[in-house]
Structures are given as C-alpha cells and as structure tokens.
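This is query-v8.tsv. It holds TSV, C-alpha atoms and all ligand atoms.
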```tsv
chain	number	residue	atom	x	y	z
A	1	MET	CA	105.25	87.51	81.63
A	2	GLU	CA	105.33	87.50	85.42
A	3	ARG	CA	107.54	90.34	86.64
A	4	LYS	CA	110.04	89.76	89.45
A	5	VAL	CA	110.21	92.06	92.47
A	6	ALA	CA	113.43	91.97	94.52
A	7	PHE	CA	113.22	92.85	98.22
A	8	LEU	CA	115.37	92.67	101.36
A	9	GLY	CA	114.76	89.24	102.87
A	10	PRO	CA	114.27	86.80	104.39
A	11	VAL	CA	110.47	86.73	104.16
A	12	GLY	CA	108.77	88.92	106.75
A	13	THR	CA	110.65	92.24	106.38
A	14	PHE	CA	109.06	95.67	106.28
A	15	THR	CA	110.37	95.92	102.73
A	16	GLU	CA	108.36	92.84	101.77
A	17	GLU	CA	105.25	94.40	103.35
A	18	ALA	CA	105.82	97.61	101.40
A	19	ALA	CA	106.47	95.69	98.15
A	20	ARG	CA	103.30	93.62	98.54
A	21	PHE	CA	101.29	96.78	99.23
A	22	PHE	CA	102.77	98.59	96.23
A	23	PHE	CA	102.25	95.72	93.77
A	24	ALA	CA	98.94	94.48	95.24
A	25	GLY	CA	96.69	93.03	92.55
A	26	GLU	CA	99.51	92.64	90.02
A	27	SER	CA	100.88	89.32	88.89
A	28	VAL	CA	104.43	89.47	90.25
A	29	GLN	CA	106.87	87.09	91.90
A	30	TYR	CA	108.59	88.32	95.09
A	31	ILE	CA	112.25	87.35	95.47
A	32	PRO	CA	114.18	87.88	98.74
A	33	TYR	CA	117.83	88.97	98.70
A	34	SER	CA	120.05	89.09	101.75
A	35	SER	CA	121.24	92.72	101.50
A	36	ILE	CA	120.15	96.06	100.04
A	37	PRO	CA	123.08	96.14	97.55
A	38	ASP	CA	122.04	92.65	96.37
A	39	VAL	CA	118.45	93.87	95.86
A	40	LEU	CA	119.62	96.79	93.69
A	41	ASP	CA	122.18	94.65	91.84
A	42	ALA	CA	119.41	92.14	90.99
A	43	VAL	CA	117.72	94.85	88.91
A	44	ASP	CA	121.02	96.13	87.54
A	45	LEU	CA	121.96	92.62	86.37
A	46	GLU	CA	118.42	92.01	85.04
A	47	LYS	CA	117.67	89.16	87.45
A	48	ALA	CA	114.62	91.12	88.64
A	49	HIS	CA	112.42	93.80	87.08
A	50	TYR	CA	111.80	95.90	90.20
A	51	ALA	CA	113.67	96.57	93.44
A	52	VAL	CA	111.95	97.86	96.56
A	53	VAL	CA	114.41	99.49	98.98
A	54	PRO	CA	114.07	101.58	102.16
A	55	ILE	CA	115.44	105.10	101.74
A	56	GLU	CA	114.45	107.11	104.83
A	57	ASN	CA	112.81	106.64	108.20
A	58	SER	CA	110.96	109.43	109.98
A	59	ILE	CA	112.77	108.73	113.29
A	60	GLU	CA	116.22	107.63	112.19
A	61	GLY	CA	116.74	109.41	108.86
A	62	THR	CA	118.35	108.29	105.62
A	63	VAL	CA	119.23	104.66	104.92
A	64	ASN	CA	122.77	105.45	103.78
A	65	LEU	CA	123.41	102.00	102.35
A	66	THR	CA	120.57	102.48	99.84
A	67	MET	CA	121.49	106.06	98.98
A	68	ASP	CA	125.19	105.31	98.48
A	69	HIS	CA	124.57	102.23	96.34
A	70	LEU	CA	122.15	104.19	94.14
A	71	ILE	CA	124.65	107.02	93.75
A	72	HIS	CA	127.92	105.13	93.38
A	73	GLN	CA	127.28	101.56	92.24
A	74	VAL	CA	124.32	101.51	89.85
A	75	ASP	CA	122.63	103.86	87.43
A	76	LEU	CA	118.96	102.95	87.80
A	77	PRO	CA	115.94	105.26	87.88
A	78	ILE	CA	113.59	105.73	90.82
A	79	ILE	CA	110.11	105.08	89.38
A	80	GLY	CA	107.99	105.39	92.51
A	81	GLU	CA	107.97	106.07	96.24
A	82	LEU	CA	105.82	104.68	99.02
A	83	ALA	CA	105.69	106.04	102.57
A	84	TYR	CA	104.73	103.07	104.72
A	85	PRO	CA	103.77	103.07	108.44
A	86	ILE	CA	106.17	101.14	110.68
A	87	SER	CA	105.27	99.44	113.97
A	88	GLN	CA	108.01	97.67	115.88
A	89	HIS	CA	107.35	94.77	118.27
A	90	LEU	CA	109.56	92.84	120.67
A	91	MET	CA	109.31	89.06	120.29
A	92	ALA	CA	110.92	85.88	121.63
A	93	SER	CA	110.68	82.09	121.52
A	94	LEU	CA	110.78	81.66	125.29
A	95	LYS	CA	108.37	83.17	127.80
A	96	LEU	CA	110.72	85.80	129.22
A	97	ASP	CA	110.54	88.80	131.54
A	98	PHE	CA	112.47	91.78	130.24
A	99	SER	CA	115.09	91.16	132.96
A	100	GLN	CA	115.76	87.67	131.55
A	101	VAL	CA	116.47	88.85	127.98
A	102	LYS	CA	120.23	88.62	127.44
A	103	LYS	CA	120.37	89.76	123.83
A	104	VAL	CA	118.19	91.84	121.47
A	105	LEU	CA	118.64	91.25	117.75
A	106	SER	CA	117.47	93.52	114.93
A	107	HIS	CA	118.32	95.73	111.99
A	108	PRO	CA	120.17	98.95	113.02
A	109	GLN	CA	117.26	101.13	111.78
A	110	ALA	CA	114.78	99.19	113.93
A	111	VAL	CA	117.05	99.32	117.01
A	112	ALA	CA	117.46	103.08	116.52
A	113	GLN	CA	113.67	103.54	116.31
A	114	CYS	CA	113.30	101.83	119.73
A	115	ARG	CA	116.39	103.29	121.46
A	116	HIS	CA	114.55	104.82	124.45
A	117	PHE	CA	112.38	101.74	124.96
A	118	LEU	CA	115.53	99.59	125.09
A	119	GLN	CA	117.31	101.98	127.45
A	120	ARG	CA	114.33	102.05	129.83
A	121	ASN	CA	113.38	98.37	129.75
A	122	LEU	CA	116.38	96.29	128.66
A	123	PRO	CA	119.46	98.35	129.61
A	124	HIS	CA	121.41	95.18	130.47
A	125	ALA	CA	120.75	93.39	127.14
A	126	GLU	CA	123.43	93.07	124.48
A	127	ILE	CA	122.41	94.43	121.04
A	128	GLU	CA	123.22	92.37	117.95
A	129	TYR	CA	122.66	93.92	114.54
A	130	THR	CA	121.27	91.82	111.71
A	131	LYS	CA	120.82	92.49	107.99
A	132	SER	CA	117.05	92.85	108.40
A	133	THR	CA	114.38	92.67	111.09
A	134	ALA	CA	113.04	89.37	109.68
A	135	GLU	CA	116.56	87.92	109.83
A	136	ALA	CA	116.58	88.75	113.57
A	137	VAL	CA	113.15	87.16	114.13
A	138	ARG	CA	114.19	84.07	112.16
A	139	LEU	CA	117.38	83.69	114.27
A	140	VAL	CA	115.44	83.99	117.52
A	141	GLY	CA	112.89	81.43	116.27
A	142	GLU	CA	115.67	79.04	115.25
A	143	ASN	CA	117.28	79.20	118.72
A	144	PRO	CA	114.37	78.43	121.02
A	145	THR	CA	116.52	77.72	124.08
A	146	GLN	CA	118.37	81.07	124.00
A	147	PRO	CA	117.15	84.03	126.13
A	148	TRP	CA	117.05	86.27	123.06
A	149	ALA	CA	114.48	88.73	121.73
A	150	ALA	CA	114.07	90.28	118.28
A	151	ILE	CA	112.53	93.53	117.08
A	152	GLY	CA	110.37	93.13	114.00
A	153	ASN	CA	106.91	93.38	112.48
A	154	ARG	CA	103.65	91.40	112.74
A	155	LEU	CA	104.30	89.64	109.44
A	156	ALA	CA	107.54	88.12	110.81
A	157	GLN	CA	105.79	87.11	114.04
A	158	SER	CA	103.21	85.22	111.96
A	159	ILE	CA	105.91	83.38	109.96
A	160	TYR	CA	108.50	82.38	112.59
A	161	PRO	CA	107.90	80.49	115.89
A	162	VAL	CA	107.97	83.49	118.25
A	163	HIS	CA	105.43	85.36	120.39
A	164	PHE	CA	105.15	89.03	121.38
A	165	LEU	CA	106.87	90.17	124.59
A	166	GLN	CA	105.69	93.74	123.98
A	167	GLU	CA	103.89	95.33	121.04
A	168	GLU	CA	104.37	98.88	119.66
A	169	ILE	CA	107.80	99.66	121.11
A	170	GLN	CA	108.94	102.43	118.71
A	171	ASP	CA	109.84	105.67	120.50
A	172	HIS	CA	107.53	107.85	118.38
A	173	SER	CA	104.10	106.80	117.20
A	174	ASN	CA	104.14	108.54	113.80
A	175	ASN	CA	106.81	106.16	112.46
A	176	TYR	CA	107.08	105.98	108.67
A	177	THR	CA	109.68	104.65	106.25
A	178	ARG	CA	109.90	105.86	102.66
A	179	PHE	CA	110.64	103.12	100.13
A	180	PHE	CA	111.86	103.63	96.57
A	181	ILE	CA	110.75	101.44	93.69
A	182	ILE	CA	113.66	101.15	91.28
A	183	SER	CA	113.33	99.83	87.74
A	184	ARG	CA	114.13	100.16	84.08
A	185	TYR	CA	110.45	99.30	83.43
A	186	LYS	CA	107.43	101.49	84.04
A	187	PRO	CA	104.69	99.60	85.88
A	188	VAL	CA	101.07	100.68	85.53
A	189	LEU	CA	100.83	102.96	88.55
A	190	GLN	CA	97.75	104.21	90.33
A	191	ALA	CA	96.95	107.87	89.68
A	192	THR	CA	98.31	110.26	92.29
A	193	ASP	CA	98.45	114.03	92.69
A	194	HIS	CA	101.91	113.79	94.16
A	195	GLU	CA	104.97	113.78	91.94
A	196	LYS	CA	108.62	114.37	92.75
A	197	THR	CA	111.92	114.69	90.94
A	198	SER	CA	115.18	113.76	92.68
A	199	ILE	CA	118.53	115.03	91.46
A	200	LEU	CA	122.15	114.63	92.48
A	201	VAL	CA	124.17	117.84	92.25
A	202	THR	CA	127.96	117.90	92.31
A	203	LEU	CA	129.37	121.37	92.97
A	204	PRO	CA	132.55	122.66	91.35
A	205	SER	CA	135.45	122.91	93.82
A	206	ASP	CA	136.57	126.32	95.07
A	207	PHE	CA	133.33	128.13	94.24
A	208	PRO	CA	132.17	130.14	97.23
A	209	GLY	CA	128.39	130.39	97.41
A	210	ALA	CA	127.79	127.64	94.83
A	211	LEU	CA	125.13	125.87	96.90
A	212	TYR	CA	123.40	129.19	97.54
A	213	GLN	CA	123.26	129.84	93.78
A	214	VAL	CA	121.95	126.32	93.09
A	215	LEU	CA	119.11	126.92	95.53
A	216	ALA	CA	118.48	130.38	94.07
A	217	ALA	CA	117.84	128.81	90.63
A	218	PHE	CA	114.86	127.01	92.18
A	219	ALA	CA	113.80	129.84	94.51
A	220	TRP	CA	113.24	132.59	91.94
A	221	ARG	CA	111.24	130.16	89.77
A	222	LYS	CA	109.09	129.39	92.85
A	223	ILE	CA	109.94	125.69	92.56
A	224	ASN	CA	109.39	124.01	95.93
A	225	LEU	CA	112.07	121.68	97.32
A	226	SER	CA	111.09	119.06	99.89
A	227	LYS	CA	114.53	117.77	100.88
A	228	ILE	CA	118.20	118.56	100.55
A	229	GLU	CA	120.85	116.25	101.86
A	230	SER	CA	124.60	115.93	101.50
A	231	ARG	CA	126.49	112.66	101.08
A	232	PRO	CA	130.27	112.28	100.82
A	233	THR	CA	131.53	111.89	97.24
A	234	LYS	CA	134.04	109.36	98.70
A	235	THR	CA	136.87	111.24	96.97
A	236	GLY	CA	138.22	112.92	100.13
A	237	LEU	CA	137.21	114.66	103.34
A	238	GLY	CA	134.93	117.64	102.82
A	239	ASN	CA	133.72	116.65	99.32
A	240	TYR	CA	129.96	116.25	99.05
A	241	HIS	CA	127.17	115.57	96.60
A	242	PHE	CA	123.79	117.16	97.27
A	243	ILE	CA	120.64	115.14	96.79
A	244	ILE	CA	117.70	117.44	96.18
A	245	ASP	CA	114.04	116.42	96.08
A	246	ILE	CA	111.91	118.77	93.98
A	247	ASP	CA	108.18	118.88	94.61
A	248	GLN	CA	107.06	118.37	91.02
A	249	GLN	CA	107.48	116.06	88.08
A	250	MET	CA	109.94	116.73	85.28
A	251	ASP	CA	108.45	119.27	82.89
A	252	GLU	CA	109.56	120.85	79.65
A	253	VAL	CA	110.24	124.41	80.78
A	254	LEU	CA	110.77	125.16	84.47
A	255	LEU	CA	113.05	122.31	85.54
A	256	PRO	CA	115.17	122.23	82.35
A	257	GLY	CA	115.61	126.01	82.78
A	258	ALA	CA	116.72	125.63	86.40
A	259	PHE	CA	119.05	122.75	85.51
A	260	ALA	CA	120.66	124.75	82.67
A	261	GLU	CA	121.27	127.66	85.05
A	262	ILE	CA	122.86	125.32	87.61
A	263	GLU	CA	125.04	123.62	84.98
A	264	ALA	CA	126.20	127.05	83.82
A	265	LEU	CA	127.69	127.49	87.30
A	266	GLY	CA	129.91	124.46	86.60
A	267	CYS	CA	127.77	122.01	88.61
A	268	GLN	CA	126.94	118.52	87.38
A	269	ILE	CA	123.35	117.29	87.63
A	270	ARG	CA	122.20	113.68	87.48
A	271	THR	CA	118.47	113.03	87.51
A	272	LEU	CA	117.80	110.11	89.87
A	273	GLY	CA	114.15	109.88	88.88
A	274	SER	CA	110.88	111.73	88.33
A	275	TYR	CA	108.16	109.66	89.94
A	276	PRO	CA	104.80	109.50	91.73
A	277	PHE	CA	104.68	109.02	95.46
A	278	TYR	CA	102.07	107.36	97.62
A	279	VAL	CA	101.37	107.27	101.35
A	280	LYS	CA	99.82	104.29	103.07
A	281	LYS	CA	97.69	105.57	105.91
A	282	ALA	CA	98.46	104.17	109.35
A	283	GLU	CA	94.81	103.55	110.35
A	284	VAL	CA	93.86	99.91	110.86
A	285	GLY	CA	91.96	98.54	107.87
A	286	SER	CA	93.13	101.27	105.49
A	287	GLU	CA	94.50	99.52	102.44
A	288	SER	CA	94.39	102.28	99.87
A	289	CYS	CA	97.18	104.49	98.60
B	301	LIG	O1	114.70	95.07	108.18
B	301	LIG	C1	113.63	95.26	107.57
B	301	LIG	O2	112.58	94.70	107.86
B	301	LIG	C2	113.63	96.19	106.47
B	301	LIG	O3	112.78	96.09	105.61
B	301	LIG	C3	114.67	97.30	106.45
B	301	LIG	C4	114.22	98.55	107.18
B	301	LIG	C5	115.22	99.73	106.94
B	301	LIG	O4	116.31	99.53	106.46
B	301	LIG	O5	114.84	100.88	107.25
B	301	LIG	C6	112.90	98.99	106.67
B	301	LIG	C7	111.98	99.60	107.45
B	301	LIG	C8	112.18	99.82	108.90
B	301	LIG	O6	112.48	101.18	109.04
B	301	LIG	C9	113.31	99.01	109.45
B	301	LIG	C10	114.18	98.35	108.65
```

Translate the structure described by the file into structure tokens.
Ligand SMILES: O=C(O)C(=O)C[C@]1(C(=O)O)C=C[C@@H](O)C=C1
Amino acid sequence: MERKVAFLGPVGTFTEEAARFFFAGESVQYIPYSSIPDVLDAVDLEKAHYAVVPIENSIEGTVNLTMDHLIHQVDLPIIGELAYPISQHLMASLKLDFSQVKKVLSHPQAVAQCRHFLQRNLPHAEIEYTKSTAEAVRLVGENPTQPWAAIGNRLAQSIYPVHFLQEEIQDHSNNYTRFFIISRYKPVLQATDHEKTSILVTLPSDFPGALYQVLAAFAWRKINLSKIESRPTKTGLGNYHFIIDIDQQMDEVLLPGAFAEIEALGCQIRTLGSYPFYVKKAEVGSESC
C-alpha cells in the first residue's frame, strides 16, 4: 500500500523539500495541507500515515505552532528528525529594482531569517505574512502586474512564474531547520548513530528547586541533554511545561531510572518520541543523510 505523507503546502515549500529528501526512494504519495495544524491533524485523523513539520530554525528558533499543536492538540509520536539546510531567495514576476518593490510576502520564519537584508535593502516595503513560503511565491506569480516580491526556495521558483531578484538573502549562512516526522507507523529508516528522546515535563506547583532536581536526575547519571525549552501550559500566567531533548534513545535502565526519580518529585513526564536524527549536508550535490 502506498503510504501518504502530509506536508505544509502548497507545492514548493521547504517542508516538501525535506519530506522528499527524507522519503527518497520510497513509494509514497505527498499531500499538501494549508497549515501546520492541518498537517498534524491529517495523521491524527488517519488521512495520512506521516506528517513532516518544521520544529526549529537555527536563526529564528522554535516553530511554536508545531510545538503547541504537538503538546496540546494531538498525542502522536515523533519517529524521526531531519536537519535540512535552508536558503532563502527574493523573487518577483516583474523585473523590479529593490526600490520599486512595494510589498514582500512570505512565511514569518522566512521573513525573520532575512530581517537584516530587508532592513538594508527594502526598508520601505510592506511585509505580508503568508501560511508558507510557497504560498507567498504562488501569490506573487498569480499577480503579475503587482510590484510584489516573495521570499522562498528554488523549488518554488521552478514551479511558479517568477524570477530571482536576489539569491541567498538569509542573514546567516549556516541556516538550518529541524523537521519532525510524526507517525503511528515506523518507516524503514536508514541507520544512524544519532538517536534522541524528547520528553515533556510538567512540574508540581509550589516546589522550589523542582527544575534543578529534574536536571540533577540526568546530571548524576551523566545523561547528556541537548535542549531544554519552556512553553506555557496555557492554564495561566507563569505556568510552564519543559520540553527536554535527551541525547540518547530510550533504554531499559538509565532513562527509566531518571524518569522514576523525576516522577517521585511529583512531576509528570510524557515521552514525545525516541527517534533517529539525520542531517542533510549543505554542500551542493550532497544527497546523503
Ligand atoms: O514555508 C515553508 O516553506 C515551510 O516549509 C515552513 C518553514 C517554517 O515554518 O520554518 C520551514 C522552513 C523554513 O525555516 C521556513 C518556513
């Protein structure tokens, strides 16, 4: 049976690029959805087998929409992660000088990755946020008489009737976005030395030093953590969950021991996934994980 992969559309997004890289060589059908919640709900409602969603960018940080939907709206495991290189380009239908561009359209993450470029070169242009970069490129292509430009990738430029005004406009060259692969199914994944486990920890209220003790449970076991982040629980000001990335896969001794110690403090732990991660190298022509 051909498996369905849901991604943030329309065709030509970075998420589509990442999905096609991740599932290269497998017989899958790619299905665009118009928002990140819709992508995750497609898997939750069993309309698709896999969701590919952006979770963090190296310049702009966490994609809160993805994180919050995963925490609050669905209960689906992370089964893989791909760090994918991101290059942003400015494109338009018309032949325009920067001074003639009245409006720049793109996804908020893409705009944020090019903030200094926009301030230096297009300070007068209005910014309009879209649901994805490809959506912005499509809109610019569909309005060929408007003095608009879009920020997006090469794939979108090859699909929609636009040309480059300026290539490589991100403010920092080492631009990467991490994508999660979310599913109730386990695909056949390429071997990797890199495994992670992500957990959501909810601290008991009125417990001074609780976070310190949570971290201590990992520290004295010499378990390495690669990320810790707080997100509001949405139950009131000052209430947070902590999302912790642990640098190893779920095992039978160390992690269960640490989790039991943390639960004994009165904390709740939800495992978001234990999964392999891959990095696509930025070099031209490099197609291997
Ligand atoms: O708009 C797109 O093309 C997306 O795939 C979304 C998204 C994001 O949300 O971070 C993905 C990668 C880039 O960092 C910019 C935008």

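You will find atom O6 of ligand LIG 301 (chain B) at 10.6 Å from atom CA of Ala83 of chain A.
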
Exercise for the section: Would you please work out which residue, of A:Lys95, A:His116, A:Arg178, A:His124, is nearest to ligand LIG 301 (chain B) when using all atoms listed in the file? Expected result: A:Arg178

Starting from 4 Å padding per side, set up an axis-aligned box that covers all listed atoms of ligand LIG 301 (chain B) and hand over centre and edge lengths in Å, one decimal, as lines of an AutoDock Vina configuration file.
```
center_x = 114.1
center_y = 97.9
center_z = 107.5
size_x = 12.3
size_y = 14.5
size_z = 11.8
```

Problem - Within-9 Å residues of ligand LIG 301 (chain B), basis all atoms listed in the file, as number ranges by chain - result: A: 7-10, 12-18, 36, 53-63, 65-66, 84-88, 106-111, 113, 130-136, 152-153, 156, 175-179

Completion exercise
As a check of understanding: the span from atom CA of Ile169 of chain A to atom CA of Ile151 of chain A is 8.7 Å

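With atom CA of Tyr50 of chain A on one side and atom CA of Tyr185 of chain A on the other, the separation reads 7.7 Å.
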
Practice task
Choose the residue, out of A:Ile223, A:Leu76, A:Ile228, A:Leu139, that has the smallest atom-to-atom separation from Met250 of chain A; count all atoms listed in the file.
Solution key: A:Ile223

Cut-off 10 Å: closest segment 45-150 of chain A/segment 196-211 of chain A atom pairs per residue, using all atoms listed in the file, as a Markdown table:
```
| residue | atom | partner | partner_atom | distance |
| --- | --- | --- | --- | --- |
| A:Ile71 | CA | A:Leu200 | CA | 8.1 |
| A:Pro77 | CA | A:Ser198 | CA | 9.8 |
| A:Ile78 | CA | A:Ser198 | CA | 8.4 |
| A:Ile79 | CA | A:Thr197 | CA | 9.9 |
| A:Gly80 | CA | A:Lys196 | CA | 9.0 |
| A:Glu81 | CA | A:Lys196 | CA | 9.0 |
```

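Residue nearest Pro147 of chain A, chosen from A:Leu189, A:Pro37, A:Ala92, A:Phe164 and counting only C-alpha atoms: A:Ala92.
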
Handout entry: Polymer residues at most 6 Å from Ser93 of chain A, all atoms listed in the file, same-chain spacing of 2 or more positions, as a PyMOL selection string
Key = chain A and resi 141+144+162

Handout entry: Nearby residues (all atoms listed in the file) at most 9 Å from Lys47 of chain A, same-chain spacing under 6 positions excluded, as a VMD selection string
Key = chain A and resid 4 6 41

Determine, counting all atoms listed in the file, which protein, DNA and RNA residues have an atom within 12 Å of an atom of Asp75 of chain A; residues of the same chain fewer than 2 positions away are not included. Present the result as a CSV table (one decimal) with C-alpha atoms, keeping the file's coordinate frame.
```csv
chain,number,residue,atom,x,y,z
A,40,LEU,CA,119.6,96.8,93.7
A,41,ASP,CA,122.2,94.6,91.8
A,43,VAL,CA,117.7,94.8,88.9
A,44,ASP,CA,121.0,96.1,87.5
A,45,LEU,CA,122.0,92.6,86.4
A,67,MET,CA,121.5,106.1,99.0
A,68,ASP,CA,125.2,105.3,98.5
A,69,HIS,CA,124.6,102.2,96.3
A,70,LEU,CA,122.2,104.2,94.1
A,71,ILE,CA,124.6,107.0,93.8
A,72,HIS,CA,127.9,105.1,93.4
A,73,GLN,CA,127.3,101.6,92.2
A,77,PRO,CA,115.9,105.3,87.9
A,78,ILE,CA,113.6,105.7,90.8
A,182,ILE,CA,113.7,101.2,91.3
A,183,SER,CA,113.3,99.8,87.7
A,184,ARG,CA,114.1,100.2,84.1
A,200,LEU,CA,122.2,114.6,92.5
A,270,ARG,CA,122.2,113.7,87.5
A,271,THR,CA,118.5,113.0,87.5
A,272,LEU,CA,117.8,110.1,89.9
A,273,GLY,CA,114.2,109.9,88.9
```

Fill in the blank from the handout: In terms of all atoms listed in the file, the residue from A:Gln119, A:Gln157, A:Gln268, A:Ser226 at minimal distance from Leu90 of chain A is A:Gln157

Handout entry: Nearest to Ile159 of chain A, chosen from A:Glu142, A:Asp245, A:Glu261, A:Asp251, with all atoms listed in the file counted in the distances
Key =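 Under the stated criterion, the closest residue is A:Glu142.
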
Practice task
May I have the residues within 12 Å of Gln100 of chain A as a list of chain:residue names, using all atoms listed in the file and disregarding those fewer than 4 positions away in the same chain?
Solution key: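 Contacts, in chain order: A:Ala92, A:Leu94, A:Lys95, A:Leu96, A:Val104, A:Asn121, A:Leu122, A:Pro123, A:His124, A:Ala125, A:Glu126, A:Gln146, A:Pro147, A:Trp148, A:Ala149, A:Leu165.
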
Handout entry: From A:Val101, A:Ala42, A:Ile244, A:Ala264, residue lying nearest Val74 of chain A [only C-alpha atoms]
Key =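 The shortest atom-to-atom distance to Val74 of chain A comes from A:Ala42.
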
Exercise for the section: List the neighbours of Leu254 of chain A out to 10 Å using only C-alpha atoms; skip same-chain residues closer than 2 positions along the sequence, and give me the result as a list of chain:residue names. Expected result: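 Residues near the query, excluding close chain neighbours: A:Phe218, A:Arg221, A:Lys222, A:Ile223, A:Met250, A:Asp251, A:Glu252, A:Pro256, A:Gly257, A:Ala258, A:Phe259.
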
The selected residues should be written to file as a PDB file, in the frame of the given file (atoms: C-alpha atoms).
```pdb
ATOM      1  CA  PHE A 218     114.860 127.010  92.180  1.00  0.00           C
ATOM      2  CA  ARG A 221     111.240 130.160  89.770  1.00  0.00           C
ATOM      3  CA  LYS A 222     109.090 129.390  92.850  1.00  0.00           C
ATOM      4  CA  ILE A 223     109.940 125.690  92.560  1.00  0.00           C
ATOM      5  CA  MET A 250     109.940 116.730  85.280  1.00  0.00           C
ATOM      6  CA  ASP A 251     108.450 119.270  82.890  1.00  0.00           C
ATOM      7  CA  GLU A 252     109.560 120.850  79.650  1.00  0.00           C
ATOM      8  CA  PRO A 256     115.170 122.230  82.350  1.00  0.00           C
ATOM      9  CA  GLY A 257     115.610 126.010  82.780  1.00  0.00           C
ATOM     10  CA  ALA A 258     116.720 125.630  86.400  1.00  0.00           C
ATOM     11  CA  PHE A 259     119.050 122.750  85.510  1.00  0.00           C
TER      12      PHE A 259
END
```
